[in-house]
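Engineer: Next comes the structure file upload-v3.tsv, holding TSV, C-alpha atoms.
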```tsv
chain	number	residue	atom	x	y	z
M	88	MET	CA	61.38	131.45	-63.31
M	89	THR	CA	61.36	129.46	-60.10
M	90	ASP	CA	64.53	128.25	-58.39
M	91	ASP	CA	63.01	124.80	-58.18
M	92	HIS	CA	62.56	124.62	-61.95
M	93	LYS	CA	66.05	125.95	-62.56
M	94	THR	CA	67.65	123.41	-60.24
M	95	LYS	CA	65.74	120.56	-61.86
M	96	MET	CA	66.65	121.67	-65.36
M	97	GLN	CA	70.32	122.10	-64.40
M	98	ALA	CA	70.42	118.58	-62.98
M	99	MET	CA	68.80	117.23	-66.14
M	100	GLN	CA	71.24	119.11	-68.34
M	101	LYS	CA	74.19	117.82	-66.32
M	102	ALA	CA	72.97	114.21	-66.58
M	103	HIS	CA	72.48	114.65	-70.32
M	104	ARG	CA	75.99	116.11	-70.82
M	105	GLU	CA	77.52	113.24	-68.89
M	106	LYS	CA	75.63	110.75	-71.04
M	107	VAL	CA	76.88	112.40	-74.23
M	108	ALA	CA	80.45	112.61	-72.90
M	109	GLU	CA	80.41	108.94	-71.96
M	110	ALA	CA	79.02	108.09	-75.36
M	111	GLN	CA	82.24	109.25	-77.02
M	112	ASP	CA	83.63	105.92	-75.91
M	113	PRO	CA	82.30	103.46	-78.46
M	114	GLY	CA	82.41	100.45	-76.10
M	115	ARG	CA	81.34	97.04	-77.30
M	116	GLY	CA	78.47	96.57	-79.71
M	117	LEU	CA	75.19	95.80	-77.96
M	118	VAL	CA	72.58	93.14	-78.56
M	119	LEU	CA	69.07	94.59	-78.48
M	120	ILE	CA	65.80	92.70	-78.70
M	121	HIS	CA	62.48	94.28	-79.68
M	122	THR	CA	59.67	91.92	-78.79
M	123	GLY	CA	56.07	91.88	-77.51
M	124	ASN	CA	52.71	91.75	-79.25
M	125	GLY	CA	52.50	95.48	-79.94
M	126	LYS	CA	53.55	97.49	-82.94
M	127	GLY	CA	56.89	99.24	-83.29
M	128	LYS	CA	59.31	96.31	-83.10
M	129	SER	CA	60.57	96.58	-86.67
M	130	SER	CA	59.85	100.27	-87.16
M	131	SER	CA	61.90	101.07	-84.07
M	132	ALA	CA	64.80	99.08	-85.54
M	133	PHE	CA	64.48	101.10	-88.76
M	134	GLY	CA	64.54	104.26	-86.65
M	135	VAL	CA	67.80	103.10	-85.06
M	136	ILE	CA	69.17	102.51	-88.58
M	137	VAL	CA	68.33	106.13	-89.40
M	138	ARG	CA	70.24	107.22	-86.27
M	139	ALA	CA	73.22	105.09	-87.19
M	140	LEU	CA	73.27	106.43	-90.75
M	141	GLY	CA	73.04	109.96	-89.33
M	142	TRP	CA	76.36	109.29	-87.60
M	143	LYS	CA	77.76	107.72	-90.81
M	144	LYS	CA	77.82	104.21	-89.37
M	145	THR	CA	77.71	101.12	-91.61
M	146	VAL	CA	74.49	99.15	-91.48
M	147	GLY	CA	73.29	95.74	-92.62
M	148	VAL	CA	69.80	94.23	-92.59
M	149	VAL	CA	68.65	90.63	-92.95
M	150	GLN	CA	64.88	90.24	-93.09
M	151	PHE	CA	63.57	86.81	-92.12
M	152	ILE	CA	60.08	87.22	-93.49
M	153	LYS	CA	57.94	89.25	-95.85
M	154	GLY	CA	60.00	88.05	-98.82
M	155	SER	CA	57.38	88.98	-101.38
M	156	TRP	CA	55.86	91.79	-99.37
M	157	ILE	CA	56.79	95.22	-100.64
M	158	THR	CA	57.24	97.47	-97.63
M	159	GLY	CA	57.83	101.18	-97.39
M	160	GLU	CA	61.07	100.69	-95.46
M	161	ARG	CA	62.50	98.37	-98.10
M	162	GLN	CA	61.65	100.79	-100.90
M	163	PHE	CA	63.07	103.69	-98.94
M	164	PHE	CA	66.39	102.07	-98.03
M	165	GLN	CA	66.81	100.54	-101.48
M	166	ARG	CA	66.35	103.94	-103.14
M	167	LEU	CA	68.68	105.50	-100.58
M	168	GLY	CA	71.43	102.92	-101.10
M	169	GLY	CA	74.43	102.45	-98.82
M	170	ILE	CA	72.80	99.71	-96.74
M	171	ASP	CA	73.59	96.06	-97.17
M	172	TRP	CA	70.01	94.77	-97.33
M	173	HIS	CA	69.03	91.10	-97.66
M	174	THR	CA	65.46	89.91	-97.74
M	175	MET	CA	64.94	86.16	-97.72
M	176	GLY	CA	64.14	85.25	-101.27
M	177	GLU	CA	61.60	82.96	-102.82
M	178	GLY	CA	58.66	84.33	-100.92
M	179	PHE	CA	59.63	82.74	-97.64
M	180	THR	CA	56.70	81.67	-95.44
M	181	TRP	CA	53.93	83.54	-97.24
M	182	ASP	CA	54.45	81.77	-100.53
M	183	THR	CA	56.23	78.45	-100.34
M	184	GLN	CA	53.86	76.63	-97.97
M	185	ASP	CA	56.61	74.09	-97.73
M	186	ARG	CA	58.22	73.67	-94.33
M	187	GLU	CA	61.46	72.16	-95.63
M	188	ARG	CA	61.99	75.02	-98.06
M	189	ASP	CA	61.16	77.55	-95.35
M	190	ILE	CA	63.80	76.02	-93.09
M	191	ALA	CA	66.38	76.04	-95.86
M	192	ALA	CA	65.63	79.69	-96.61
M	193	ALA	CA	65.87	80.69	-92.93
M	194	VAL	CA	69.14	78.82	-92.47
M	195	ALA	CA	70.61	80.41	-95.61
M	196	ALA	CA	69.58	83.86	-94.40
M	197	PHE	CA	71.06	83.22	-90.96
M	198	ASP	CA	74.32	81.97	-92.49
M	199	ARG	CA	74.52	85.28	-94.34
M	200	ALA	CA	73.77	87.12	-91.08
M	201	CYS	CA	76.58	85.23	-89.31
M	202	GLU	CA	79.08	86.17	-92.01
M	203	MET	CA	78.06	89.79	-91.65
M	204	MET	CA	78.26	89.72	-87.84
M	205	GLU	CA	81.73	88.15	-87.88
M	206	SER	CA	83.12	90.29	-90.68
M	207	GLY	CA	83.77	93.42	-88.64
M	208	ASP	CA	82.38	95.49	-91.51
M	209	TYR	CA	79.25	96.68	-89.72
M	210	ASP	CA	78.42	98.96	-86.81
M	211	LEU	CA	74.81	97.82	-86.78
M	212	ILE	CA	73.02	94.74	-88.11
M	213	VAL	CA	69.25	94.30	-87.90
M	214	LEU	CA	67.91	90.73	-87.95
M	215	ASP	CA	64.35	91.71	-88.72
M	216	GLU	CA	61.65	89.24	-87.66
M	217	ILE	CA	64.22	86.58	-86.79
M	218	ASN	CA	62.09	85.74	-83.73
M	219	ILE	CA	59.40	84.52	-86.13
M	220	ALA	CA	61.86	82.07	-87.66
M	221	LEU	CA	62.68	80.97	-84.10
M	222	ARG	CA	59.02	80.62	-83.19
M	223	TYR	CA	58.44	78.30	-86.15
M	224	GLU	CA	61.60	76.41	-85.15
M	225	TYR	CA	63.25	77.13	-88.49
M	226	LEU	CA	66.26	78.18	-86.38
M	227	SER	CA	67.20	77.18	-82.83
M	228	PRO	CA	67.91	79.70	-80.03
M	229	GLU	CA	71.30	77.97	-79.42
M	230	GLN	CA	72.27	78.47	-83.06
M	231	VAL	CA	71.37	82.16	-82.96
M	232	LEU	CA	73.12	82.68	-79.60
M	233	ASP	CA	76.27	81.13	-81.03
M	234	GLY	CA	76.15	83.51	-84.01
M	235	LEU	CA	75.69	86.53	-81.75
M	236	LYS	CA	78.59	85.51	-79.53
M	237	ARG	CA	80.89	85.32	-82.51
M	238	ARG	CA	80.04	88.84	-83.71
M	239	SER	CA	82.75	91.45	-84.12
M	240	ASP	CA	83.29	93.71	-81.10
M	241	ARG	CA	82.26	96.76	-83.11
M	242	THR	CA	78.91	95.32	-84.17
M	243	SER	CA	75.57	95.99	-82.46
M	244	VAL	CA	72.73	93.66	-83.41
M	245	ILE	CA	68.97	94.21	-83.14
M	246	LEU	CA	66.65	91.19	-83.22
M	247	THR	CA	62.95	91.84	-83.80
M	248	GLY	CA	59.74	89.85	-83.63
M	249	ARG	CA	57.30	88.64	-81.00
M	250	ASP	CA	58.05	85.73	-78.66
M	251	ALA	CA	61.81	86.26	-78.35
M	252	PRO	CA	63.21	83.11	-76.70
M	253	ALA	CA	64.39	83.38	-73.08
M	254	LEU	CA	67.89	82.16	-73.96
M	255	LEU	CA	68.42	85.18	-76.22
M	256	CYS	CA	66.76	87.64	-73.80
M	257	ASP	CA	69.16	86.48	-71.07
M	258	TYR	CA	72.10	87.20	-73.34
M	259	ALA	CA	70.86	90.53	-74.71
M	260	ASP	CA	71.97	93.87	-73.27
M	261	LEU	CA	68.56	95.42	-73.82
M	262	VAL	CA	65.13	93.89	-74.20
M	263	THR	CA	62.21	96.15	-74.99
M	264	GLU	CA	58.68	94.84	-75.00
M	265	MET	CA	56.19	96.64	-77.21
M	266	THR	CA	52.75	96.19	-75.69
M	267	GLU	CA	49.55	96.78	-77.56
M	268	VAL	CA	47.39	98.98	-75.39
M	269	LYS	CA	44.85	99.92	-78.06
M	270	HIS	CA	44.82	98.67	-81.62
M	271	PRO	CA	43.01	100.20	-84.62
M	272	TYR	CA	42.37	96.92	-86.46
M	273	LYS	CA	40.28	95.77	-83.55
M	274	ALA	CA	38.28	98.98	-83.78
M	275	GLY	CA	37.61	98.21	-87.45
M	276	ILE	CA	40.25	100.52	-88.89
M	277	LYS	CA	42.24	99.17	-91.80
M	278	ALA	CA	46.00	98.76	-92.10
M	279	GLN	CA	47.45	101.80	-93.83
M	280	ARG	CA	50.21	101.91	-96.38
M	281	GLY	CA	53.02	104.14	-95.12
M	282	VAL	CA	52.08	103.62	-91.49
M	283	ASP	CA	51.70	99.90	-90.93
M	284	PHE	CA	53.99	98.50	-93.63
O	332	MET	CA	55.87	69.22	-96.25
O	333	THR	CA	53.05	68.48	-93.84
O	334	ASP	CA	49.43	69.26	-94.62
O	335	ASP	CA	49.12	71.02	-91.28
O	336	HIS	CA	51.95	73.42	-92.10
O	337	LYS	CA	50.56	74.06	-95.56
O	338	THR	CA	47.08	74.84	-94.24
O	339	LYS	CA	48.48	77.20	-91.63
O	340	MET	CA	50.67	79.00	-94.16
O	341	GLN	CA	47.77	79.30	-96.62
O	342	ALA	CA	45.57	80.84	-93.94
O	343	MET	CA	48.33	83.26	-93.04
O	344	GLN	CA	48.89	84.20	-96.65
O	345	LYS	CA	45.16	84.77	-97.17
O	346	ALA	CA	44.94	87.02	-94.11
O	347	HIS	CA	47.98	88.96	-95.31
O	348	ARG	CA	46.53	89.44	-98.82
O	349	GLU	CA	43.27	90.69	-97.39
O	350	LYS	CA	45.14	93.16	-95.21
O	351	VAL	CA	47.08	94.48	-98.20
O	352	ALA	CA	43.94	94.66	-100.34
O	353	GLU	CA	42.11	96.58	-97.63
O	354	ALA	CA	45.07	98.89	-97.26
O	355	GLN	CA	44.52	100.20	-100.80
O	356	ASP	CA	41.74	102.24	-99.25
O	357	PRO	CA	43.54	105.14	-97.61
O	358	GLY	CA	40.89	105.73	-94.94
O	359	ARG	CA	41.22	108.51	-92.41
O	360	GLY	CA	44.55	109.46	-90.93
O	361	LEU	CA	45.22	107.77	-87.59
O	362	VAL	CA	46.42	109.13	-84.29
O	363	LEU	CA	49.14	106.91	-82.79
O	364	ILE	CA	50.76	107.28	-79.38
O	365	HIS	CA	54.11	105.72	-78.44
O	366	THR	CA	54.53	105.85	-74.68
O	367	GLY	CA	55.98	103.87	-71.74
O	368	ASN	CA	59.32	103.98	-69.94
O	369	GLY	CA	61.15	101.77	-72.45
O	370	LYS	CA	63.21	102.68	-75.48
O	371	GLY	CA	61.85	102.80	-79.01
O	372	LYS	CA	59.20	105.51	-78.73
O	373	SER	CA	60.92	108.03	-80.96
O	374	SER	CA	62.95	105.58	-83.01
O	375	SER	CA	59.77	103.72	-83.89
O	376	ALA	CA	58.24	106.99	-85.10
O	377	PHE	CA	61.32	107.56	-87.26
O	378	GLY	CA	60.89	104.06	-88.63
O	379	VAL	CA	57.31	104.90	-89.60
O	380	ILE	CA	58.65	108.03	-91.34
O	381	VAL	CA	60.95	105.78	-93.37
O	382	ARG	CA	57.93	103.65	-94.31
O	383	ALA	CA	55.93	106.70	-95.31
O	384	LEU	CA	58.78	108.10	-97.40
O	385	GLY	CA	59.13	104.68	-99.05
O	386	TRP	CA	55.56	105.11	-100.32
O	387	LYS	CA	56.33	108.74	-101.34
O	388	LYS	CA	54.15	110.23	-98.64
O	389	THR	CA	54.73	113.77	-97.33
O	390	VAL	CA	56.06	113.98	-93.80
O	391	GLY	CA	56.47	116.67	-91.14
O	392	VAL	CA	58.21	116.51	-87.77
O	393	VAL	CA	58.01	118.84	-84.78
O	394	GLN	CA	60.42	117.96	-81.99
O	395	PHE	CA	59.44	119.25	-78.56
O	396	ILE	CA	62.78	118.72	-76.87
O	397	LYS	CA	66.46	118.17	-77.51
O	398	GLY	CA	66.76	121.61	-79.14
O	399	SER	CA	70.53	121.74	-78.78
O	400	TRP	CA	71.04	118.00	-78.89
O	401	ILE	CA	72.47	116.76	-82.17
O	402	THR	CA	70.90	113.41	-82.91
O	403	GLY	CA	71.58	110.89	-85.62
O	404	GLU	CA	68.00	111.05	-86.89
O	405	ARG	CA	68.11	114.82	-87.26
O	406	GLN	CA	71.38	114.69	-89.18
O	407	PHE	CA	70.08	111.89	-91.38
O	408	PHE	CA	66.78	113.51	-92.31
O	409	GLN	CA	68.35	116.94	-92.76
O	410	ARG	CA	70.91	115.52	-95.18
O	411	LEU	CA	68.18	113.56	-96.94
O	412	GLY	CA	65.91	116.58	-97.34
O	413	GLY	CA	62.23	116.45	-98.34
O	414	ILE	CA	60.94	116.43	-94.76
O	415	ASP	CA	59.51	119.48	-93.09
O	416	TRP	CA	61.51	119.28	-89.84
O	417	HIS	CA	61.14	121.68	-86.93
O	418	THR	CA	63.11	121.38	-83.74
O	419	MET	CA	62.17	123.78	-80.98
O	420	GLY	CA	64.81	126.47	-81.06
O	421	GLU	CA	66.75	128.20	-78.35
O	422	GLY	CA	67.85	125.08	-76.57
O	423	PHE	CA	64.42	124.36	-75.13
O	424	THR	CA	64.42	122.75	-71.67
O	425	TRP	CA	68.05	121.63	-71.55
O	426	ASP	CA	69.44	125.13	-71.84
O	427	THR	CA	67.08	127.91	-70.89
O	428	GLN	CA	66.35	126.87	-67.28
O	429	ASP	CA	63.54	129.38	-67.49
O	430	ARG	CA	60.03	128.00	-67.19
O	431	GLU	CA	58.31	130.94	-68.89
O	432	ARG	CA	60.59	130.71	-71.91
O	433	ASP	CA	60.12	126.95	-72.04
O	434	ILE	CA	56.35	127.39	-72.11
O	435	ALA	CA	56.57	130.03	-74.82
O	436	ALA	CA	58.80	127.76	-76.92
O	437	ALA	CA	56.46	124.76	-76.48
O	438	VAL	CA	53.40	126.83	-77.37
O	439	ALA	CA	55.13	128.26	-80.46
O	440	ALA	CA	56.13	124.76	-81.58
O	441	PHE	CA	52.60	123.46	-81.02
O	442	ASP	CA	51.12	126.38	-82.98
O	443	ARG	CA	53.37	125.37	-85.86
O	444	ALA	CA	52.23	121.75	-85.44
O	445	CYS	CA	48.57	122.82	-85.55
O	446	GLU	CA	49.10	124.76	-88.78
O	447	MET	CA	50.74	121.69	-90.30
O	448	MET	CA	47.98	119.34	-89.10
O	449	GLU	CA	45.24	121.58	-90.49
O	450	SER	CA	46.98	122.39	-93.76
O	451	GLY	CA	46.19	119.13	-95.53
O	452	ASP	CA	49.76	119.12	-96.88
O	453	TYR	CA	50.95	116.10	-94.90
O	454	ASP	CA	50.25	112.38	-94.84
O	455	LEU	CA	52.18	111.95	-91.59
O	456	ILE	CA	53.22	114.33	-88.83
O	457	VAL	CA	55.38	113.25	-85.87
O	458	LEU	CA	55.10	115.30	-82.67
O	459	ASP	CA	58.26	113.95	-81.10
O	460	GLU	CA	58.44	114.07	-77.29
O	461	ILE	CA	55.29	116.17	-77.07
O	462	ASN	CA	54.30	114.09	-74.05
O	463	ILE	CA	57.28	115.60	-72.21
O	464	ALA	CA	55.90	119.09	-72.84
O	465	LEU	CA	52.57	117.81	-71.50
O	466	ARG	CA	54.21	116.26	-68.44
O	467	TYR	CA	55.83	119.58	-67.55
O	468	GLU	CA	52.46	121.28	-68.17
O	469	TYR	CA	53.90	123.48	-70.89
O	470	LEU	CA	50.89	122.38	-72.94
O	471	SER	CA	47.50	121.08	-71.77
O	472	PRO	CA	45.96	117.77	-72.92
O	473	GLU	CA	42.80	119.68	-73.94
O	474	GLN	CA	44.81	122.01	-76.16
O	475	VAL	CA	46.56	119.11	-77.87
O	476	LEU	CA	43.30	117.15	-78.28
O	477	ASP	CA	41.71	120.19	-79.92
O	478	GLY	CA	44.63	120.45	-82.37
O	479	LEU	CA	44.40	116.74	-83.23
O	480	LYS	CA	40.64	116.98	-83.84
O	481	ARG	CA	41.14	119.79	-86.30
O	482	ARG	CA	43.70	117.88	-88.37
O	483	SER	CA	43.10	117.23	-92.05
O	484	ASP	CA	41.44	113.90	-92.87
O	485	ARG	CA	44.50	112.76	-94.81
O	486	THR	CA	46.91	113.33	-91.92
O	487	SER	CA	48.11	110.67	-89.49
O	488	VAL	CA	49.83	111.95	-86.35
O	489	ILE	CA	52.26	110.15	-84.04
O	490	LEU	CA	52.81	111.52	-80.52
O	491	THR	CA	55.82	110.22	-78.58
O	492	GLY	CA	57.10	110.44	-75.03
O	493	ARG	CA	56.50	108.75	-71.69
O	494	ASP	CA	53.43	109.49	-69.55
O	495	ALA	CA	50.97	110.16	-72.37
O	496	PRO	CA	47.87	111.72	-70.78
O	497	ALA	CA	44.72	109.59	-70.55
O	498	LEU	CA	42.64	112.14	-72.46
O	499	LEU	CA	44.86	111.70	-75.53
O	500	CYS	CA	45.09	107.91	-75.16
O	501	ASP	CA	41.29	107.74	-75.14
O	502	TYR	CA	41.17	109.67	-78.39
O	503	ALA	CA	44.04	107.85	-80.13
O	504	ASP	CA	43.44	104.97	-82.57
O	505	LEU	CA	46.54	103.15	-81.39
O	506	VAL	CA	48.51	103.32	-78.18
O	507	THR	CA	51.70	101.31	-77.88
O	508	GLU	CA	53.56	101.06	-74.61
O	509	MET	CA	57.29	100.43	-74.81
O	510	THR	CA	58.33	98.63	-71.63
O	511	GLU	CA	61.89	98.34	-70.47
O	512	VAL	CA	62.56	94.71	-69.66
O	513	LYS	CA	66.33	94.95	-69.42
O	514	HIS	CA	68.38	98.11	-69.82
O	515	PRO	CA	72.12	98.37	-70.57
O	516	TYR	CA	72.72	101.62	-68.62
O	517	LYS	CA	71.69	99.80	-65.48
O	518	ALA	CA	74.20	97.09	-66.26
O	519	GLY	CA	76.91	99.75	-66.53
O	520	ILE	CA	76.96	99.97	-70.30
O	521	LYS	CA	77.20	103.44	-71.77
O	522	ALA	CA	74.84	105.18	-74.18
O	523	GLN	CA	76.07	104.69	-77.71
O	524	ARG	CA	76.07	107.19	-80.54
O	525	GLY	CA	74.13	105.77	-83.48
O	526	VAL	CA	72.06	103.48	-81.29
O	527	ASP	CA	70.70	105.56	-78.45
O	528	PHE	CA	70.62	109.02	-80.07
```
Write the structure described by the file as structure tokens, please.

Structural biologist:
Amino acid sequence: MTDDHKTKMQAMQKAHREKVAEAQDPGRGLVLIHTGNGKGKSSSAFGVIVRALGWKKTVGVVQFIKGSWITGERQFFQRLGGIDWHTMGEGFTWDTQDRERDIAAAVAAFDRACEMMESGDYDLIVLDEINIALRYEYLSPEQVLDGLKRRSDRTSVILTGRDAPALLCDYADLVTEMTEVKHPYKAGIKAQRGVDF
Amino acid sequence: MTDDHKTKMQAMQKAHREKVAEAQDPGRGLVLIHTGNGKGKSSSAFGVIVRALGWKKTVGVVQFIKGSWITGERQFFQRLGGIDWHTMGEGFTWDTQDRERDIAAAVAAFDRACEMMESGDYDLIVLDEINIALRYEYLSPEQVLDGLKRRSDRTSVILTGRDAPALLCDYADLVTEMTEVKHPYKAGIKAQRGVDF
């Protein structure tokens, strides 16, 4: 055991304890954005849900895409129960091929999200792939910003999807960009159930 | 409904269907690395676990740090059951302040990970924060590469932690870098239970 190592580890331990002590104070709910062209934007949000549930927090999810796509996370959380989970119905985007219907579906889903954010019933709400709805201009950044601003103080919100608009990134407390450094599909490897969706 | 929108949506739907159809073929287990100085490396791995469990896959976790740190994800998955979860005992790193003991603990945890990877019992194994053990030179990249190469064909492995070594990135099928664009601690906002740990 070197003194150098011991000193470093003690400093790390002290910093960690302070972080945990500070964390006892709930503070105001945060707005987090997961964006970028890499993987992990949605899965990281689902990991945060797991954390929140571990601490017995209340969680809501509104998914803005993949209406008819059966995903592992949806099956898991539906079997688990205890999460208020809304996936945009009627096969949004993949199935309708009708821009007006897509807009109506996105707006309806966002209205539901706004009710949830304002209600004060949730510690964490995930707006999964909402940036896609923004990219297609089904929703406007101003509209989403307004909804976020009117959220309950207790509620943290995670927005996922590539191309997060600058207006929302400016407002967010945390923006994480997932960058694809090396991707298996490009190397001819297929998407895998249980890993990729 | 514009023809342009319809054509675009049809193309997207076709690409999606092909991806799902291809995904019926399980293929070989992948090696995925989540690295970078941003958040989401571990939480994204926990999100992939949720996906895997949603498809009734078998999952194992070996955590290479945070031995005495109670996290939301650990509480959640321990309550849930059905996951083979190992956290390095004896307060690794944060508590021992003894480099020799830290190395012994890391090596013991990696031996367990190797047994799991070779066993053929798992669809997915997460080696959480193993890159930290590599950064402190408790494990060598060559040793970890050798363990990965001897994994069962059915087993995908996710390695998390900043500063993933180049040797492992070269071998991995997918490397995602999580980059911190904007961080709440820097803006004076405290770490929050249920979001950050």

Engineer: I'd like the interatomic distance between CA of Met203 in chain M and CA of Leu246 in chain M, to a tenth of an Å.

Structural biologist: 14.3 Å

Engineer: Report, in Å to a single decimal, how far apart CA of Lys269 in chain M and CA of Met509 in chain O are.

Structural biologist: 12.9 Å

Engineer: Using all atoms listed in the file, which protein or nucleic acid residues come within 12 Å of Gly123 in chain M? Drop anything in the same chain fewer than 3 positions from it, and give the result as a VMD selection string.

Structural biologist: (chain M and resid 120 126 to 129 216 218 to 219 247 to 252 262 to 268) or (chain O and resid 507 to 512)

Engineer: Find the residues near range 382-392 of chain O: any atom within 10 Å, counting all atoms listed in the file, skip ones fewer than 5 places away on the same chain, and give them as a CSV table (one decimal) with C-alpha atoms, keeping the file's coordinate frame.

Structural biologist:
```
chain,number,residue,atom,x,y,z
M,130,SER,CA,59.8,100.3,-87.2
M,133,PHE,CA,64.5,101.1,-88.8
M,157,ILE,CA,56.8,95.2,-100.6
M,158,THR,CA,57.2,97.5,-97.6
M,159,GLY,CA,57.8,101.2,-97.4
M,160,GLU,CA,61.1,100.7,-95.5
M,161,ARG,CA,62.5,98.4,-98.1
M,162,GLN,CA,61.6,100.8,-100.9
M,163,PHE,CA,63.1,103.7,-98.9
M,164,PHE,CA,66.4,102.1,-98.0
M,165,GLN,CA,66.8,100.5,-101.5
M,166,ARG,CA,66.4,103.9,-103.1
M,167,LEU,CA,68.7,105.5,-100.6
M,279,GLN,CA,47.4,101.8,-93.8
M,280,ARG,CA,50.2,101.9,-96.4
M,281,GLY,CA,53.0,104.1,-95.1
M,282,VAL,CA,52.1,103.6,-91.5
M,283,ASP,CA,51.7,99.9,-90.9
M,284,PHE,CA,54.0,98.5,-93.6
O,376,ALA,CA,58.2,107.0,-85.1
O,377,PHE,CA,61.3,107.6,-87.3
O,413,GLY,CA,62.2,116.4,-98.3
O,414,ILE,CA,60.9,116.4,-94.8
O,415,ASP,CA,59.5,119.5,-93.1
O,416,TRP,CA,61.5,119.3,-89.8
O,417,HIS,CA,61.1,121.7,-86.9
O,418,THR,CA,63.1,121.4,-83.7
O,444,ALA,CA,52.2,121.8,-85.4
O,447,MET,CA,50.7,121.7,-90.3
O,448,MET,CA,48.0,119.3,-89.1
O,452,ASP,CA,49.8,119.1,-96.9
O,453,TYR,CA,51.0,116.1,-94.9
O,454,ASP,CA,50.2,112.4,-94.8
O,455,LEU,CA,52.2,112.0,-91.6
O,456,ILE,CA,53.2,114.3,-88.8
O,457,VAL,CA,55.4,113.2,-85.9
O,458,LEU,CA,55.1,115.3,-82.7
O,459,ASP,CA,58.3,114.0,-81.1
O,486,THR,CA,46.9,113.3,-91.9
O,487,SER,CA,48.1,110.7,-89.5
O,488,VAL,CA,49.8,112.0,-86.4
O,489,ILE,CA,52.3,110.2,-84.0
```

Engineer: How far is it from CA of Lys236 in chain M to CA of Arg188 in chain M, in Å with one decimal?

Structural biologist: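 Here the two named atoms are 27.0 Å from each other.
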